[in-house]
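Student: Sending over a structure as structure tokens; questions will come in a sec.
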Amino acid sequence: QQPVQSPQAVILREGEDAVINCSSSKALYSVHWYRQKHGEAPVFLMILLKGGEQKGHEKISASFNEKKQQSSLYLTASQLSYSGTYFCGTEEAGAQKLVFGQGTRLTINP
Amino acid sequence: DAGVIQSPRHEVTEMGQEVTLRCKPISGHDYLFWYRQTMMRGLELLIYFNNNVPIDDSGMPEDRFSAKMPNASFSTLKIQPSEPRDSAVYFCASSRASATYEQYFGPGTRLTVT
């Protein structure tokens, strides 16, 4: 079942922070985050395994709340290069594959 | 190292024609995935292979779609006959360790069926 991402779109000024959420109604084993720039392929950012783990990638970090089946991606002091569409991919327990959300389009303006 | 290679990058065909998309995964990657991306449905997994063997094809839309992986360095996705609703960007991705490990996506093939 496809996870739900929110918001669908967000517009920021350079230097501002953003949070993108991903939630599922299924028990999850892991959550993956990818970023896709317009006209390009998705690029892997990070994986979070169940256990409430938090990871970081430059100024981008994420958390995974396995009790709520939710993950959040945090972008701090956003840069122009952060613009793109962010996808979460969820792995249900035992599924051995990812199901991607609809994506959140992030626009960073100067 | 070369990334995932897909060909063609763009394909325009008429309804009813056969379409073959090609993919070369990253050397040493045991998993290969075919995805389809549209505005309406997002990024959908069609099928994936492990060591050239199809593991999950539950995402293949219908019998018009077929995929093969004759060896570790080549895979095809075929649509016959093609329909306008098949218009989408088709991505191939590969992964080293498991079906849910970091996936490396190819540049995609933009298919337009008129």
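Each chain in the structure tokens gets a letter, A, B and so on, in the order shown; residues start at 1 in every chain, and ligands are counted from 1 in the order they appear.
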Can you pull out every residue within 6 Å of region 18-30 of chain A, counting only C-alpha atoms, but drop anything in the same chain fewer than 4 positions away, and send it as a PyMOL selection string?

Tutor: chain A and resi 3-6+48-50+69-75+91-93

Student: Just need the residues of chain A within 8 Å of chain B, counting only C-alpha atoms, so spit them out as number ranges by chain.

Tutor: A: 40-44, 46-47, 91, 96-103

Student: Have a look at B:Glu18, B:Glu11, B:Glu62, B:Asp30 and name the one nearest to Ala97 (chain B); count only C-alpha atoms.

Tutor: B:Asp30

Student: Determine, counting only C-alpha atoms, which protein, DNA and RNA residues have an atom within 9 Å of an atom of Val53 (chain B); residues of the same chain fewer than 5 positions away are not included. Present the result as a count of residues only.

Tutor: 4

Student: List the neighbours of Leu21 (chain B) out to 7 Å using only C-alpha atoms; skip same-chain residues closer than 5 positions along the sequence, and give me the result as number ranges by chain.

Tutor: B: 7-8, 76-78

Student: Quick one: DSSP strand (DSSP E or B) residues in chain A, as JSON, numbers by chain?

Tutor: {"A": [4, 5, 6, 9, 10, 11, 12, 13, 18, 19, 20, 21, 22, 23, 28, 29, 30, 31, 32, 33, 34, 35, 36, 43, 44, 45, 46, 47, 48, 49, 54, 55, 56, 57, 60, 61, 62, 63, 64, 65, 70, 71, 72, 73, 74, 75, 84, 85, 86, 87, 88, 89, 90, 91, 92, 99, 100, 104, 105, 106, 107, 108, 109]}

Student: Quick one: residues within 6 Å of region 76-90 of chain A, only C-alpha atoms counted, chain neighbours fewer than 5 positions away excluded, as a list in words?

Tutor: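 Residues meeting the cut-off are Glu14, Gly15, Glu16, Asp17, Val31, His32, Trp33, Tyr34, Arg35, Gln36, Lys37, Lys59, Leu98, Val99, Phe100, Gly101, Gly103, Thr104, Arg105, Leu106, Thr107 and Ile108 of chain A.
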
Student: Near Gly28 (chain B), within 10 Å and counting only C-alpha atoms, which residues show up once chain neighbours fewer than 3 positions away are dropped, as JSON, numbers by chain?

Tutor: {"B": [25, 31, 72, 73, 94, 95, 96, 97]}

Student: Figure out the distance between CA of Ala67 (chain B) and CA of Cys23 (chain B), please, to one decimal in Å.

Tutor: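 Atom-to-atom, CA of Cys23 (chain B) and CA of Ala67 (chain B) are spaced 10.8 Å apart.
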
Student: What is the distance between CA of Ala62 (chain A) and CA of Leu46 (chain B), in Å to one decimal?

Tutor: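 A separation of 27.5 Å between them.
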
Student: Work out how far CA of Lys24 (chain B) is from CA of Gly3 (chain B), in Å to one decimal.

Tutor: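 Computing it gives 8.7 Å between the two atoms.
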